[in-house]
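Engineer: After the structure tokens below, expect a handful of questions from me.
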Number of protein chains: 2
Amino acid sequence: MTCDSSSTAATDEPRPADSRAEAFQEVRSARRNELAEDYVELIAELIHEHGEARPVAIAARMGVRAPTVTKALDRLAREGLITRERYRSVFLTEKGRALAHECRRRHEIVLRFLIRLGLDAETAERDAEGIEHHVSERTLALFEAYADQV
Amino acid sequence: MTCDSSSTAATDEPRPADSRAEAFQEVRSARRNELAEDYVELIAELIHEHGEARPVAIAARMGVRAPTVTKALDRLAREGLITRERYRSVFLTEKGRALAHECRRRHEIVLRFLIRLGLDAETAERDAEGIEHHVSERTLALFEAYADQV
DNA sequence: GTAAATTCTTAGCCAAGACTAACTTTTTTG
DNA sequence: CAAAAAAGTTAGTCTTGGCTAAGAATTTAC
């Protein structure tokens with residue numbers, strides 16, 4: 001049943017030009033950034049609420065253990081999103097603050113949209129947490145339009 | 001600075017820090033299943049379109065290399081979602097077929113909803129791919145209602 | 001001002017998911 | 001049917017993101 005002759009000839013391209021494949025690659029790429037975004041967003045919230053972001057608080061809110069946080073923070077620091085000193089609080093860099101702001105914006109739009117659609121607040125919060133990393137700017141604009149319009 | 005214990009930790013919690021942690025844990029749990037769902041959905045599609053699902057076709061559509069597919073299929077087999085023989089096509093088990101069906105359903109609902117909202121087909125397809133794994137049954141129902149209503 | 005408790009880090013383990021290189025099996029093709 | 005091509009697997013590497021156990025640093029409490 002090898003009927004699809006067009007798909008696999010001499011593979012010159014290391015990256016398949018298949019639009020389906022591209023979509024999956026984009027999703028995977030988005031998935032890679034999700035955790036970093038979650039952390040940065042959470043750090044911004046903690047700083048806003050408590051004046052600082054301690055690893056122990058991050059761990060509690062993320063629902064993970066302390067060493068997991070340490071590792072994640074190392075990575076965020078490597079990526080230039082936060083600054084930190086050993087055994088001390090975490091601070092966002094300019095870049096980190098920008099990302100946090102962007103995330104917050106997306107989160108708010110998705111959340112507001114879901115609630116406008118008729119979803120209960122708690123489910124909306126949970127769904128928004130998952131969805132916010134996967135909505136394009138275009139979709140976001142439509143979500144906003146809908147929420148405003150009603 | 002260490003206002004944690006006095007101000008917001010023990011007493012007021014309108015939303016206990018726990019519920020945030022739970023939300024994140026749920027998202028992480030969803031993320032863990034995403035790839036398996038993508039594979040199963042794709043395998044079902046390939047079988048439907050071509051009568052069989054070959055690893056080479058899966059790799060092309062997923063946008064990954066062959067060994068990645070082999071490993072993924074090992075895992076799917078371990079989880080009882082597919083059956084396979086070495087160097088042969090892949091088949092869904094009853095469980096795999098059920099999951100594929102469920103995924104397809106979610107995908108369709110999200111896609112239809114986004115298009116009804118006014119999104120172009122291509123972006124809708126891309127966003128649906130990312131969103132479908134993160135919508136609750138409740139949200140799905142609202143998406144359906146909206147798409148039908150308009 | 002020291003001892004206890006808490007917080008944070010390090011070290012080491014594991015599984016997933018990506019890759020390349022190299023090998024085996026199957027299929028195609030002169 | 002034998003050689004070449006394609007498909008699939010294995011082996012080995014890397015990174016991420018979890019975890020526990022144990023040790024170091026800091027903070028609290030007596």
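Residues are named by chain letter and number: chains run A, B, ... in the order of the structure tokens, numbers start at 1 in each chain, and ligands are numbered from 1 in the order shown.
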If you count only C-alpha atoms (C1' of nucleotides), which residues fall within 9 Å of Ser89 of chain A, apart from same-chain ones fewer than 3 positions away, as a PyMOL selection string?

Structural biologist: chain A and resi 52-55+83-86

Engineer: Could you turn the residues from that selection into a file that holds C-alpha atoms, as a JSON list (two decimals), in the first residue's frame?

Structural biologist:
```
[["chain", "number", "residue", "atom", "x", "y", "z"],
["A", 52, "GLU", "CA", 10.42, 39.02, 46.41],
["A", 53, "ALA", "CA", 10.49, 35.57, 44.87],
["A", 54, "ARG", "CA", 12.04, 32.85, 47.00],
["A", 55, "PRO", "CA", 12.71, 29.41, 45.58],
["A", 83, "THR", "CA", 19.52, 37.12, 38.04],
["A", 84, "ARG", "CA", 20.27, 35.53, 41.37],
["A", 85, "GLU", "CA", 22.82, 35.00, 44.08],
["A", 86, "ARG", "CA", 23.23, 31.71, 45.87]]
```

Engineer: According to DSSP computed on the backbone, where in segment 20-147 of chain B is there strand (DSSP E)? Give the residues as a PyMOL selection string.

Structural biologist: chain B and resi 82-84+90-92

Engineer: Can you build me a table of chain C residues sitting at most 8 Å from chain A, with the closest atom pair per residue and its distance in Å to one decimal, using only C-alpha atoms (C1' of nucleotides), sorted by chain and residue number, as a Markdown table?

Structural biologist:
```
| residue | atom | partner | partner_atom | distance |
| --- | --- | --- | --- | --- |
| C:DT7 | C1' | A:Val56 | CA | 7.2 |
| C:DC8 | C1' | A:Tyr87 | CA | 5.4 |
| C:DT9 | C1' | A:Thr70 | CA | 7.4 |
```

Engineer: Report, in Å to a single decimal, how far apart atom CA of Ala30 of chain A and atom CA of Gly130 of chain A are.

Structural biologist: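 Taking atom CA of Gly130 of chain A as the start and atom CA of Ala30 of chain A as the end point, the length is 11.6 Å.
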
Engineer: Need the shell around DA16 of chain C: protein/DNA/RNA residues with any atom at most 12 Å away, counting only C-alpha atoms (C1' of nucleotides). Skip same-chain ones fewer than 6 positions apart. Format as a PDB file with C-alpha atoms (C1' of nucleotides), in the first residue's frame?

Structural biologist:
```pdb
ATOM      1  CA  ARG B  31       1.980  17.814  28.536  1.00  0.00           C
ATOM      2  CA  ARG B  32       3.256  14.332  29.219  1.00  0.00           C
ATOM      3  CA  ASN B  33       0.394  12.812  27.216  1.00  0.00           C
ATOM      4  CA  LEU B  35       3.057  13.477  22.232  1.00  0.00           C
ATOM      5  CA  ALA B  36       1.412  10.089  22.661  1.00  0.00           C
ATOM      6  CA  THR B  68      12.739   9.071  17.198  1.00  0.00           C
ATOM      7  CA  LYS B  71      11.481   4.976  20.307  1.00  0.00           C
ATOM      8  CA  ALA B  72       8.103   6.643  20.453  1.00  0.00           C
ATOM      9  CA  ASP B  74       8.181   1.405  21.653  1.00  0.00           C
ATOM     10  CA  ARG B  75       6.655   3.571  24.305  1.00  0.00           C
TER      11      ARG B  75
ATOM     12  C1'  DT D  15      19.189  18.194  27.215  1.00  0.00           C
ATOM     13  C1'  DT D  16      15.245  18.750  30.018  1.00  0.00           C
ATOM     14  C1'  DG D  17      12.673  18.026  33.971  1.00  0.00           C
ATOM     15  C1'  DG D  18      11.276  15.309  37.530  1.00  0.00           C
TER      16       DG D  18
END
```
